[in-house]
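Read the structure below first, then the notes.
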Amino acid sequence: MTEPLRIALAGLGTVGVGVIKLLAANRELITRRAGRSIAIVAVSSRDRGRDRAVDLSHFDWVDDATKLAERSDVDAVVELIGGSDGSALTLARNTIAAGRAFVTANKAMIAHHGLELAQAAETAGTALKYEAAVAGGIPVIKGLREGAAANEIAQVYGILNGTCNYILTTMEAEGSDFGAVLADAQALGYAEADPAFDVDGVDAAHKLSILASLSFGTRLDFAAVSTTGIRTILAGDIAQAKALGYRVRLVGRAEIVGGALLQSVQPCLVPVSHPLAHVAGAMNAVVAEGNFVGRLFFEGRGAGEGPTASAVVADLIDIARGEYGPAFAMPVSSLADPGRADTGNRVGQFYLRFTVADRPGVLAEITAAMRDAGVSIESMIQRGEAPDGGVLLVMTTHAGPERDVIAAVSALSGSASLVGKPMVMPILDV
Ligand SMILES: NC(=O)c1ccc[n+]([C@@H]2O[C@H](COP(=O)([O-])OP(=O)(O)OC[C@H]3O[C@@H](n4cnc5c(N)ncnc54)[C@H](OP(=O)(O)O)[C@@H]3O)[C@@H](O)[C@H]2O)c1
C-alpha cells in the first residue's frame with residue numbers, strides 16, 4: 001500500500017472546515033483517484049476553543065500556524081488563513097524553503113508575492129498550488145495552465161467577484177440602488193461587514209493579475225491593474241443599459257495591447273447576447289480566447305465552503321499523484337516582462353452618464369466637450385430623475401480611444417451644468 005499524503009491545515013474557517021468535510025465525505029473516491037489516501041496530521045487556527053462542527057480530535061493541534069512548516073511528519077501544508085502578508089506569508093516561505101508542497105486559496109498573497117513563492121518552489125523542487133485562489137470552485141487555473149497550454153491567449157476576462165455580481169444582478173432585478181442592496185447583502189452574509197475589497201474591485205484585481213500571468217506567460221503585475229469598483233453605479237445606469245440591450249457587470253479584463261500588458265477591473269456594459277450577461281447572482285465566470293482552441297467559457301461558484309474546498313483538494317490530489325510543474329506554467333525566469341499599457345490606448349465604445357441640472361444650454365455644453373475631444377456620440381437619452389435631484393443624461397459613443405472619452409469628461413469637471421460626477425463604462429465588444 002502506498003504511503004498517504006500527510007497534510008497540515010492552517011486556518012479552520014469557511015474553507016478549512018470545508019476541506020476537512022470534503023476529505024472525509026469523499027475519502028474512498030479521492031484515495032482511488034490520487035492513488036493513495038490524503039491524511040490530515042495537524043491543524044492550526046487562532047481560537048482552539050471554537051466549535052467548528054467538525055471532529056478535530058484525530059489531528060494534532062498547533063497553536064502557532066507557522067510552526068507547521070517545520071513538521072517532519074507533514075508532506076504538504078494547506079494555508080487557509082488569508083491576508084497577503086503576516087502568518088500566511090511566513091508559513092508559505094518556511095514551508096517551501098523546507099521542501100514541502102504548499103497549497104493556498106489566498107489570492108491576495110499570490111497576487112503580491114506569487115513570483116517570489118514560485119521561484120522558491122522551483123529552487124526547492126516542490127509544488128506551489130493555488131487553484132482555489134481564482135474563481136473558487138471553477139478549475140480555471142488548471143484549464144489555462146494545462147488544458148489551454150498549447151495556445152497563445154489573446155484576451156482573458158470575466159466576472160471575478162461574486163459579491164459584486166450578486167449586488168449588480170439584485171440591483172437589476174429589484175431596481176434598487178447600490179447602498180440598499182449592499183446593506184441587504186451584508187445582513188444575509190453575502191457581503192463582508194467591511195466590503196471594500198470586494199466592491200472597490202481589489203479582490204477581482206488580485207485574481208485578474210494571476211489570470212493574466214498564466215494566460216500570457218508574463219510576470220505577475222498586480223500593481224498595474226487599473227481598478228474601479230461598483231459604488232457609483234445607479235439603478236438608473238442599470239435601467240438605461242437594459243433599455244440599450246446591455247447588462248452591467250464588474251469585468252476584469254487583461255490583454256496585450258501594442259506589445260504591452262493592459263489589465264483593468266471596471267464596471268462594463270455587456271451585450272445581452274454575450275454569455276457573461278447571463279452570469280447571475282454570486283456566480284463567477286472566466287472567458288479566455290485561445291488562438292487554436294477559440295473561446296473558452298468557464299462558469300461556476302466562485303466562493304463558499306464546498307466549491308473552494310473542491311479546488312483545494314484537487315490541488316492535493318495532484319500533489320499526491322506527483323503531478324505538478326511550475327506554478328505559473330513556465331519557470332519564473334521564462335516569464336516575459338512586456339511593460340504596462342496605458343488604458344487610454346484601449347479602443348472601444350463607451351457608455352457615459354451625466355447627472356445634469358435641468359436648465360437650457362446643458363446639452364450644448366456637453367456635446368461641445370465631446371466634439372472638442374474627438375468623441376463621436378452614437379445615441380443619447382435624457383430621462384428620469386437622479387437621486388441627487390438632477391436629470392440623467394445617458395450617451396453611448398462610437399468606437400474610439402478611451403483617452404478621448406476621459407479628456408471630454410475632464411473638460412467638463414467643475415461645470416455648473418453637472419450635478420454629480422459623470423460615470424464612464426466601456427461597452428464589452430468581444
Ligand atoms: N470563503 C470563500 O468562499 C473563499 C473563496 C476563495 C478563496 N478564499 C480564500 O481562502 C482563505 C480563507 O478564507 P475563509 O473564508 O475560510 O476565511 P475565514 O472563514 O475568515 O477563516 C480564516 C481562518 O484563519 C484562522 N486564522 C486567522 N489568523 C490566523 C493565524 N495567525 N494563525 C492561524 N489561524 C489563523 C481563523 O481562525 P479562528 O477561526 O480560530 O479565528 C479562521 O479559522 C482566504 O485567503 C480567502 O481569500 C475564500
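Each chain of the C-alpha cells is named A, B, ... in the order shown, its residues numbered from 1; ligands are numbered from 1 in display order.
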
What do you get as a CSV table (one decimal) with N, CA, C and O atoms, in the first residue's frame if you pick all residues at most 8 Å from ligand 1, counting only C-alpha atoms and all ligand atoms?
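pocket.csv written:
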```
chain,number,residue,atom,x,y,z
A,10,ALA,N,-3.7,25.0,8.0
A,10,ALA,CA,-3.6,26.3,8.7
A,10,ALA,C,-4.8,27.1,8.4
A,10,ALA,O,-5.0,27.5,7.3
A,11,GLY,N,-5.7,27.4,9.4
A,11,GLY,CA,-6.9,28.2,9.2
A,11,GLY,C,-8.1,27.2,9.1
A,11,GLY,O,-8.2,26.4,8.2
A,12,LEU,N,-9.0,27.3,10.1
A,12,LEU,CA,-10.2,26.5,10.1
A,12,LEU,C,-11.4,27.3,10.1
A,12,LEU,O,-12.3,27.2,10.9
A,13,GLY,N,-11.5,28.2,9.1
A,13,GLY,CA,-12.7,29.0,8.9
A,13,GLY,C,-13.5,28.3,7.8
A,13,GLY,O,-13.6,27.1,7.7
A,14,THR,N,-14.2,29.1,7.0
A,14,THR,CA,-15.1,28.5,5.9
A,14,THR,C,-14.4,27.5,5.1
A,14,THR,O,-14.9,26.4,4.9
A,15,VAL,N,-13.3,27.8,4.5
A,15,VAL,CA,-12.6,26.9,3.6
A,15,VAL,C,-11.9,25.7,4.3
A,15,VAL,O,-12.0,24.6,3.9
A,16,GLY,N,-11.3,26.1,5.4
A,16,GLY,CA,-10.6,25.0,6.2
A,16,GLY,C,-11.5,23.9,6.6
A,16,GLY,O,-11.3,22.7,6.5
A,17,VAL,N,-12.7,24.3,7.2
A,17,VAL,CA,-13.7,23.3,7.6
A,17,VAL,C,-14.2,22.5,6.4
A,17,VAL,O,-14.4,21.3,6.4
A,44,SER,N,-4.1,24.0,12.6
A,44,SER,CA,-3.9,25.2,13.5
A,44,SER,C,-4.9,26.3,13.1
A,44,SER,O,-5.4,26.4,12.0
A,45,SER,N,-5.3,27.0,14.2
A,45,SER,CA,-6.2,28.2,14.0
A,45,SER,C,-6.0,29.1,15.1
A,45,SER,O,-5.2,28.8,16.1
A,46,ARG,N,-6.7,30.2,15.1
A,46,ARG,CA,-6.4,31.2,16.2
A,46,ARG,C,-7.0,30.7,17.5
A,46,ARG,O,-6.4,30.8,18.6
A,47,ASP,N,-8.3,30.3,17.5
A,47,ASP,CA,-9.1,30.0,18.7
A,47,ASP,C,-9.3,28.5,18.9
A,47,ASP,O,-10.2,28.0,18.2
A,48,ARG,N,-8.6,27.9,19.8
A,48,ARG,CA,-8.7,26.5,19.9
A,48,ARG,C,-10.1,26.1,20.5
A,48,ARG,O,-10.6,25.0,20.2
A,50,ARG,N,-13.1,27.3,19.8
A,50,ARG,CA,-14.2,27.5,19.0
A,50,ARG,C,-14.8,26.2,18.4
A,50,ARG,O,-14.0,25.3,18.0
A,63,ASP,N,-0.6,25.6,18.0
A,63,ASP,CA,-1.0,27.0,18.3
A,63,ASP,C,-0.5,28.0,17.3
A,63,ASP,O,-1.2,28.9,16.8
A,64,ASP,N,0.8,27.8,17.0
A,64,ASP,CA,1.4,28.8,16.0
A,64,ASP,C,1.5,28.1,14.6
A,64,ASP,O,2.3,27.2,14.4
A,65,ALA,N,0.6,28.7,13.7
A,65,ALA,CA,0.5,28.0,12.4
A,65,ALA,C,1.8,28.0,11.7
A,65,ALA,O,2.1,27.1,10.9
A,66,THR,N,2.7,29.0,11.9
A,66,THR,CA,3.9,29.0,11.1
A,66,THR,C,4.8,27.8,11.4
A,66,THR,O,5.7,27.4,10.7
A,79,GLU,N,-2.6,26.4,3.4
A,79,GLU,CA,-2.8,27.7,4.1
A,79,GLU,C,-4.2,28.3,3.7
A,79,GLU,O,-4.4,28.6,2.6
A,80,LEU,N,-5.0,28.4,4.8
A,80,LEU,CA,-6.4,28.9,4.6
A,80,LEU,C,-6.7,30.0,5.6
A,80,LEU,O,-7.8,30.0,6.2
A,81,ILE,N,-5.6,30.8,5.9
A,81,ILE,CA,-5.8,31.9,6.9
A,81,ILE,C,-6.2,33.2,6.2
A,81,ILE,O,-7.1,33.8,6.6
A,82,GLY,N,-5.5,33.5,5.1
A,82,GLY,CA,-5.8,34.7,4.3
A,82,GLY,C,-4.9,35.8,4.7
A,82,GLY,O,-4.1,35.8,5.6
A,83,GLY,N,-5.0,36.9,3.9
A,83,GLY,CA,-4.1,38.1,4.1
A,83,GLY,C,-2.8,38.0,3.2
A,83,GLY,O,-2.3,36.9,3.1
A,86,GLY,N,1.9,38.7,6.8
A,86,GLY,CA,1.6,38.1,8.1
A,86,GLY,C,1.9,36.6,8.1
A,86,GLY,O,2.8,36.1,7.4
A,87,SER,N,1.1,35.9,9.0
A,87,SER,CA,1.4,34.4,9.2
A,87,SER,C,1.3,33.6,7.9
A,87,SER,O,2.0,32.7,7.7
A,88,ALA,N,0.3,34.0,7.0
A,88,ALA,CA,0.2,33.2,5.8
A,88,ALA,C,1.5,33.2,5.0
A,88,ALA,O,1.9,32.2,4.5
A,104,THR,N,-2.6,26.9,-1.3
A,104,THR,CA,-3.3,28.0,-0.7
A,104,THR,C,-4.5,28.4,-1.6
A,104,THR,O,-4.6,28.1,-2.8
A,105,ALA,N,-5.5,29.1,-0.9
A,105,ALA,CA,-6.6,29.7,-1.6
A,105,ALA,C,-6.5,31.2,-1.6
A,105,ALA,O,-7.4,31.9,-1.9
A,106,ASN,N,-5.3,31.7,-1.2
A,106,ASN,CA,-5.1,33.1,-0.8
A,106,ASN,C,-4.7,33.9,-2.0
A,106,ASN,O,-3.5,34.1,-2.4
A,107,LYS,N,-5.7,34.6,-2.7
A,107,LYS,CA,-5.4,35.3,-3.9
A,107,LYS,C,-4.5,36.6,-3.6
A,107,LYS,O,-3.7,37.0,-4.4
A,108,ALA,N,-4.8,37.2,-2.4
A,108,ALA,CA,-4.1,38.4,-2.1
A,108,ALA,C,-2.6,38.1,-2.0
A,108,ALA,O,-1.7,38.8,-2.5
A,109,MET,N,-2.2,37.0,-1.3
A,109,MET,CA,-0.8,36.6,-1.2
A,109,MET,C,-0.2,36.2,-2.5
A,109,MET,O,0.9,36.7,-2.8
A,132,ALA,N,-7.7,27.3,-5.8
A,132,ALA,CA,-8.9,28.0,-5.1
A,132,ALA,C,-8.8,29.5,-5.1
A,132,ALA,O,-9.7,30.2,-4.7
A,133,ALA,N,-7.6,30.0,-5.4
A,133,ALA,CA,-7.4,31.5,-5.3
A,133,ALA,C,-8.1,32.3,-6.3
A,133,ALA,O,-8.4,33.5,-6.2
A,134,VAL,N,-8.4,31.7,-7.5
A,134,VAL,CA,-9.1,32.4,-8.5
A,134,VAL,C,-10.4,31.7,-8.9
A,134,VAL,O,-10.4,30.5,-9.2
A,135,ALA,N,-11.5,32.4,-8.7
A,135,ALA,CA,-12.8,31.9,-9.1
A,135,ALA,C,-13.2,30.6,-8.3
A,135,ALA,O,-13.9,29.7,-8.9
A,136,GLY,N,-12.8,30.5,-7.1
A,136,GLY,CA,-13.2,29.4,-6.2
A,136,GLY,C,-13.2,28.0,-6.8
A,136,GLY,O,-12.2,27.5,-7.1
A,137,GLY,N,-14.4,27.5,-7.0
A,137,GLY,CA,-14.5,26.1,-7.4
A,137,GLY,C,-14.3,25.9,-8.9
A,137,GLY,O,-14.2,24.7,-9.3
A,302,GLY,N,-17.8,30.8,-7.4
A,302,GLY,CA,-16.5,31.4,-7.1
A,302,GLY,C,-16.1,31.5,-5.6
A,302,GLY,O,-15.1,31.9,-5.3
A,303,ALA,N,-17.0,31.0,-4.8
A,303,ALA,CA,-16.8,31.1,-3.3
A,303,ALA,C,-17.6,30.1,-2.6
A,303,ALA,O,-18.5,29.4,-3.2
A,304,GLY,N,-17.5,30.0,-1.3
A,304,GLY,CA,-18.3,29.1,-0.4
A,304,GLY,C,-17.5,27.9,0.0
A,304,GLY,O,-16.5,27.5,-0.7
A,305,GLU,N,-18.0,27.3,1.0
A,305,GLU,CA,-17.2,26.2,1.7
A,305,GLU,C,-17.0,25.0,0.7
A,305,GLU,O,-15.8,24.6,0.5
A,307,PRO,N,-17.4,24.7,-2.9
A,307,PRO,CA,-16.7,24.9,-4.1
A,307,PRO,C,-15.2,25.2,-3.8
A,307,PRO,O,-14.3,24.7,-4.6
A,308,THR,N,-14.9,26.0,-2.8
A,308,THR,CA,-13.5,26.4,-2.6
A,308,THR,C,-12.7,25.1,-2.1
A,308,THR,O,-11.6,24.9,-2.5
```

What are the closest atom pairs, with distances in Å to one decimal, for all residues of range 351-425 of chain A lying within 8 Å of range 341-344 of chain A? Consider only C-alpha atoms, order rows by chain and residue number, and present the result as a tab-separated table.
```
residue	atom	partner	partner_atom	distance
A:Pro401	CA	A:Gly344	CA	6.3
A:Glu402	CA	A:Gly344	CA	4.7
A:Arg403	CA	A:Gly344	CA	4.1
A:Asp404	CA	A:Gly344	CA	7.8
```

Arg301 in chain A surroundings by only C-alpha atoms, 12 Å radius, close-in-sequence under 6 positions cut, as a PDB file with C-alpha atoms, in the first residue's frame:
```
ATOM      1  CA  ALA A 132      -8.879  27.971  -5.140  1.00  0.00           C
ATOM      2  CA  VAL A 134      -9.113  32.381  -8.536  1.00  0.00           C
ATOM      3  CA  ALA A 135     -12.849  31.893  -9.059  1.00  0.00           C
ATOM      4  CA  GLY A 136     -13.207  29.429  -6.159  1.00  0.00           C
ATOM      5  CA  GLY A 137     -14.529  26.114  -7.398  1.00  0.00           C
ATOM      6  CA  ILE A 138     -14.023  26.765 -11.126  1.00  0.00           C
ATOM      7  CA  PRO A 139     -10.951  24.842 -12.351  1.00  0.00           C
ATOM      8  CA  VAL A 140      -9.723  27.829 -14.331  1.00  0.00           C
ATOM      9  CA  ILE A 159     -16.686  38.128 -13.598  1.00  0.00           C
ATOM     10  CA  LEU A 160     -14.291  37.501 -10.745  1.00  0.00           C
ATOM     11  CA  ASN A 161     -16.151  38.698  -7.665  1.00  0.00           C
ATOM     12  CA  GLY A 162     -19.375  37.025  -6.565  1.00  0.00           C
ATOM     13  CA  THR A 163     -20.324  39.756  -4.086  1.00  0.00           C
ATOM     14  CA  ASN A 165     -22.164  40.221  -9.221  1.00  0.00           C
ATOM     15  CA  TYR A 166     -24.783  39.471  -6.574  1.00  0.00           C
ATOM     16  CA  VAL A 279     -23.923  35.082 -15.176  1.00  0.00           C
ATOM     17  CA  ALA A 280     -26.237  35.895 -12.279  1.00  0.00           C
ATOM     18  CA  GLY A 281     -26.064  36.163  -8.503  1.00  0.00           C
ATOM     19  CA  ALA A 282     -22.837  35.132  -6.785  1.00  0.00           C
ATOM     20  CA  MET A 283     -21.576  33.067  -9.742  1.00  0.00           C
ATOM     21  CA  ASN A 284     -18.194  33.697 -11.362  1.00  0.00           C
ATOM     22  CA  ALA A 285     -17.154  33.214 -14.989  1.00  0.00           C
ATOM     23  CA  VAL A 286     -13.928  33.460 -16.969  1.00  0.00           C
ATOM     24  CA  PRO A 307     -16.662  24.927  -4.112  1.00  0.00           C
ATOM     25  CA  THR A 308     -13.496  26.354  -2.576  1.00  0.00           C
ATOM     26  CA  ALA A 309     -12.682  23.108  -0.758  1.00  0.00           C
ATOM     27  CA  SER A 310     -13.202  21.278  -4.058  1.00  0.00           C
ATOM     28  CA  ALA A 311     -10.415  23.343  -5.645  1.00  0.00           C
TER      29      ALA A 311
END
```

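Counting only C-alpha atoms, Gly35 in chain A has the following residues at most 12 Å away, ignoring those fewer than 6 positions along the same chain: Met1, Thr2, Glu3, Pro4, Leu5, Arg27, Glu28, Leu29, Leu316, Ile317, Asp318, Ile319, Ala320, Arg321, Gly322 and Glu323 of chain A.
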
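CA of Phe354 in chain A is found 6.9 Å from CA of Leu418 in chain A.
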
One residue among A:Leu128, A:Val430, A:Ile366, A:Val265 is nearest to His206 in chain A when using only C-alpha atoms, and that residue is A:Val265

Residue with the minimum atom-to-atom distance to Asp221 in chain A, picked from A:Leu115, A:Val312, A:Ala373, A:Leu182 with only C-alpha atoms counted, is A:Leu115

Q: Taking the DSSP assignment computed from this structure's backbone, write out as a ChimeraX atom specification all residues of range 26-111 of chain A that belong to helix (DSSP H, G or I).
A: /A:27-34,65-70,86-97,107-111

Quick one: everything within 12 Å of Ser264 in chain A, counting only C-alpha atoms, minus sequence neighbours fewer than 6 positions away in the same chain. Send it as a VMD selection string.
-> chain A and resid 155 to 158 160 201 to 202 204 to 209 212 221 to 229 250 to 256 340 to 344 346 425 to 426

Go ahead and dump the residues you just picked, N, CA, C and O atoms, as a short mmCIF file (atom, residue, chain, number, x, y, z; two decimals), in the first residue's frame.
```cif
data_model
loop_
_atom_site.label_atom_id
_atom_site.label_comp_id
_atom_site.auth_asym_id
_atom_site.auth_seq_id
_atom_site.Cartn_x
_atom_site.Cartn_y
_atom_site.Cartn_z
N GLN A 155 -6.82 37.24 -25.03
CA GLN A 155 -7.53 38.02 -24.01
C GLN A 155 -8.03 37.08 -22.95
O GLN A 155 -8.45 35.96 -23.26
N VAL A 156 -8.05 37.53 -21.71
CA VAL A 156 -8.72 36.78 -20.66
C VAL A 156 -9.55 37.80 -19.87
O VAL A 156 -9.08 38.89 -19.58
N TYR A 157 -10.80 37.46 -19.61
CA TYR A 157 -11.66 38.41 -18.91
C TYR A 157 -12.78 37.66 -18.23
O TYR A 157 -13.06 36.50 -18.55
N GLY A 158 -13.41 38.32 -17.27
CA GLY A 158 -14.51 37.62 -16.62
C GLY A 158 -15.08 38.34 -15.43
O GLY A 158 -14.68 39.46 -15.08
N LEU A 160 -15.21 38.13 -11.68
CA LEU A 160 -14.29 37.50 -10.75
C LEU A 160 -14.66 37.75 -9.29
O LEU A 160 -13.93 37.33 -8.40
N GLY A 201 -13.26 46.54 -6.08
CA GLY A 201 -12.62 45.83 -7.19
C GLY A 201 -11.26 45.22 -6.87
O GLY A 201 -10.64 44.62 -7.75
N VAL A 202 -10.79 45.35 -5.62
CA VAL A 202 -9.43 44.89 -5.29
C VAL A 202 -9.33 43.36 -5.38
O VAL A 202 -8.37 42.81 -5.93
N ALA A 204 -11.12 41.33 -7.19
CA ALA A 204 -11.12 40.94 -8.61
C ALA A 204 -9.77 41.25 -9.26
O ALA A 204 -9.29 40.49 -10.11
N ALA A 205 -9.14 42.35 -8.84
CA ALA A 205 -7.84 42.72 -9.40
C ALA A 205 -6.77 41.69 -9.01
O ALA A 205 -5.90 41.35 -9.81
N HIS A 206 -6.83 41.20 -7.76
CA HIS A 206 -5.89 40.14 -7.36
C HIS A 206 -6.00 38.96 -8.33
O HIS A 206 -5.00 38.46 -8.85
N LYS A 207 -7.25 38.53 -8.57
CA LYS A 207 -7.47 37.35 -9.40
C LYS A 207 -7.08 37.63 -10.85
O LYS A 207 -6.49 36.77 -11.51
N LEU A 208 -7.41 38.81 -11.33
CA LEU A 208 -7.08 39.13 -12.72
C LEU A 208 -5.58 39.09 -12.97
O LEU A 208 -5.12 38.57 -13.99
N SER A 209 -4.80 39.61 -12.02
CA SER A 209 -3.35 39.65 -12.23
C SER A 209 -2.79 38.23 -12.32
O SER A 209 -1.84 37.97 -13.08
N ALA A 212 -3.80 36.84 -15.78
CA ALA A 212 -3.01 37.45 -16.85
C ALA A 212 -1.65 36.78 -16.97
O ALA A 212 -1.19 36.45 -18.06
N ASP A 221 1.80 41.27 -12.27
CA ASP A 221 1.96 42.70 -12.02
C ASP A 221 0.65 43.26 -11.46
O ASP A 221 -0.07 43.99 -12.15
N PHE A 222 0.36 42.91 -10.21
CA PHE A 222 -0.91 43.34 -9.59
C PHE A 222 -0.99 44.87 -9.52
O PHE A 222 -2.05 45.45 -9.77
N ALA A 223 0.14 45.52 -9.23
CA ALA A 223 0.12 46.98 -9.05
C ALA A 223 -0.33 47.70 -10.31
O ALA A 223 -0.76 48.85 -10.26
N ALA A 224 -0.23 47.03 -11.45
CA ALA A 224 -0.57 47.70 -12.72
C ALA A 224 -2.05 47.58 -13.08
O ALA A 224 -2.47 48.13 -14.09
N VAL A 225 -2.83 46.86 -12.28
CA VAL A 225 -4.25 46.70 -12.64
C VAL A 225 -4.99 48.02 -12.38
O VAL A 225 -4.97 48.53 -11.26
N SER A 226 -5.60 48.57 -13.40
CA SER A 226 -6.40 49.79 -13.24
C SER A 226 -7.76 49.35 -12.67
O SER A 226 -8.48 48.58 -13.31
N THR A 227 -8.08 49.82 -11.46
CA THR A 227 -9.21 49.23 -10.73
C THR A 227 -10.28 50.25 -10.36
O THR A 227 -9.98 51.27 -9.73
N THR A 228 -11.50 49.98 -10.76
CA THR A 228 -12.66 50.81 -10.41
C THR A 228 -13.75 49.88 -9.89
O THR A 228 -14.02 48.85 -10.51
N GLY A 229 -14.37 50.25 -8.80
CA GLY A 229 -15.40 49.39 -8.22
C GLY A 229 -16.80 49.77 -8.66
O GLY A 229 -16.98 50.45 -9.68
N LEU A 250 -19.26 43.83 -13.32
CA LEU A 250 -17.88 44.20 -12.99
C LEU A 250 -16.98 43.20 -13.73
O LEU A 250 -16.99 42.01 -13.41
N VAL A 251 -16.23 43.71 -14.69
CA VAL A 251 -15.44 42.82 -15.55
C VAL A 251 -13.94 43.07 -15.33
O VAL A 251 -13.47 44.21 -15.40
N GLY A 252 -13.22 42.02 -15.04
CA GLY A 252 -11.75 42.06 -15.02
C GLY A 252 -11.29 41.63 -16.39
O GLY A 252 -11.77 40.63 -16.92
N ARG A 253 -10.36 42.39 -16.98
CA ARG A 253 -10.01 42.13 -18.37
C ARG A 253 -8.52 42.37 -18.57
O ARG A 253 -7.99 43.40 -18.15
N ALA A 254 -7.85 41.41 -19.20
CA ALA A 254 -6.41 41.57 -19.49
C ALA A 254 -6.15 41.21 -20.93
O ALA A 254 -6.73 40.25 -21.46
N GLU A 255 -5.29 41.98 -21.56
CA GLU A 255 -4.92 41.71 -22.95
C GLU A 255 -3.56 42.34 -23.21
O GLU A 255 -3.09 43.18 -22.44
N ILE A 256 -2.96 41.92 -24.31
CA ILE A 256 -1.70 42.54 -24.72
C ILE A 256 -2.05 43.56 -25.81
O ILE A 256 -2.64 43.22 -26.83
N ARG A 340 3.82 47.99 -19.12
CA ARG A 340 2.41 48.29 -18.86
C ARG A 340 1.82 49.15 -19.98
O ARG A 340 2.39 50.19 -20.32
N ALA A 341 0.67 48.73 -20.49
CA ALA A 341 -0.01 49.54 -21.50
C ALA A 341 -0.90 50.55 -20.78
O ALA A 341 -1.41 50.30 -19.69
N ASP A 342 -1.09 51.68 -21.41
CA ASP A 342 -1.94 52.73 -20.86
C ASP A 342 -3.40 52.39 -21.21
O ASP A 342 -3.70 52.14 -22.38
N THR A 343 -4.29 52.41 -20.20
CA THR A 343 -5.70 52.08 -20.51
C THR A 343 -6.28 53.08 -21.51
O THR A 343 -7.24 52.77 -22.21
N GLY A 344 -5.70 54.26 -21.60
CA GLY A 344 -6.16 55.26 -22.57
C GLY A 344 -6.04 54.77 -24.01
O GLY A 344 -6.74 55.25 -24.90
N ARG A 346 -6.85 51.85 -25.02
CA ARG A 346 -7.88 50.86 -25.36
C ARG A 346 -8.97 51.52 -26.21
O ARG A 346 -9.46 52.58 -25.87
N MET A 425 -18.46 53.91 -18.54
CA MET A 425 -18.29 52.45 -18.56
C MET A 425 -18.01 52.00 -19.99
O MET A 425 -18.74 52.38 -20.91
N PRO A 426 -16.97 51.17 -20.18
CA PRO A 426 -16.75 50.62 -21.52
C PRO A 426 -17.88 49.65 -21.89
O PRO A 426 -18.49 49.04 -21.01
#
```

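Residues with any atom within 9 Å of Ala148 in chain A, counting only C-alpha atoms and excluding same-chain neighbours fewer than 5 positions away, are Lys142, Gly143, Ile153, Ser215, Gly290, Val293 and Leu296 of chain A.
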
Could you name the residues that touch Ile7 in chain A at 8 Å or less, counting only C-alpha atoms, but leaving out those on the same chain fewer than 6 positions away, as a VMD selection string? chain A and resid 38 to 42 74 to 78

DSSP-assigned strand (DSSP E) members of range 82-122 of chain A, reported as a VMD selection string: chain A and resid 101 to 104

Using the selection just defined, write its residues with C-alpha atoms as a compact mmCIF listing (two decimals), in the first residue's frame.
```
# COMPACT_ATOMS: atom_id res chain seq x y z
CA ALA A 101 4.45 21.24 -1.00
CA PHE A 102 2.29 24.29 -0.38
CA VAL A 103 -1.38 24.77 -1.26
CA THR A 104 -3.30 28.01 -0.75
```

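Going from CA of Val424 in chain A to CA of Tyr351 in chain A covers 5.8 Å.
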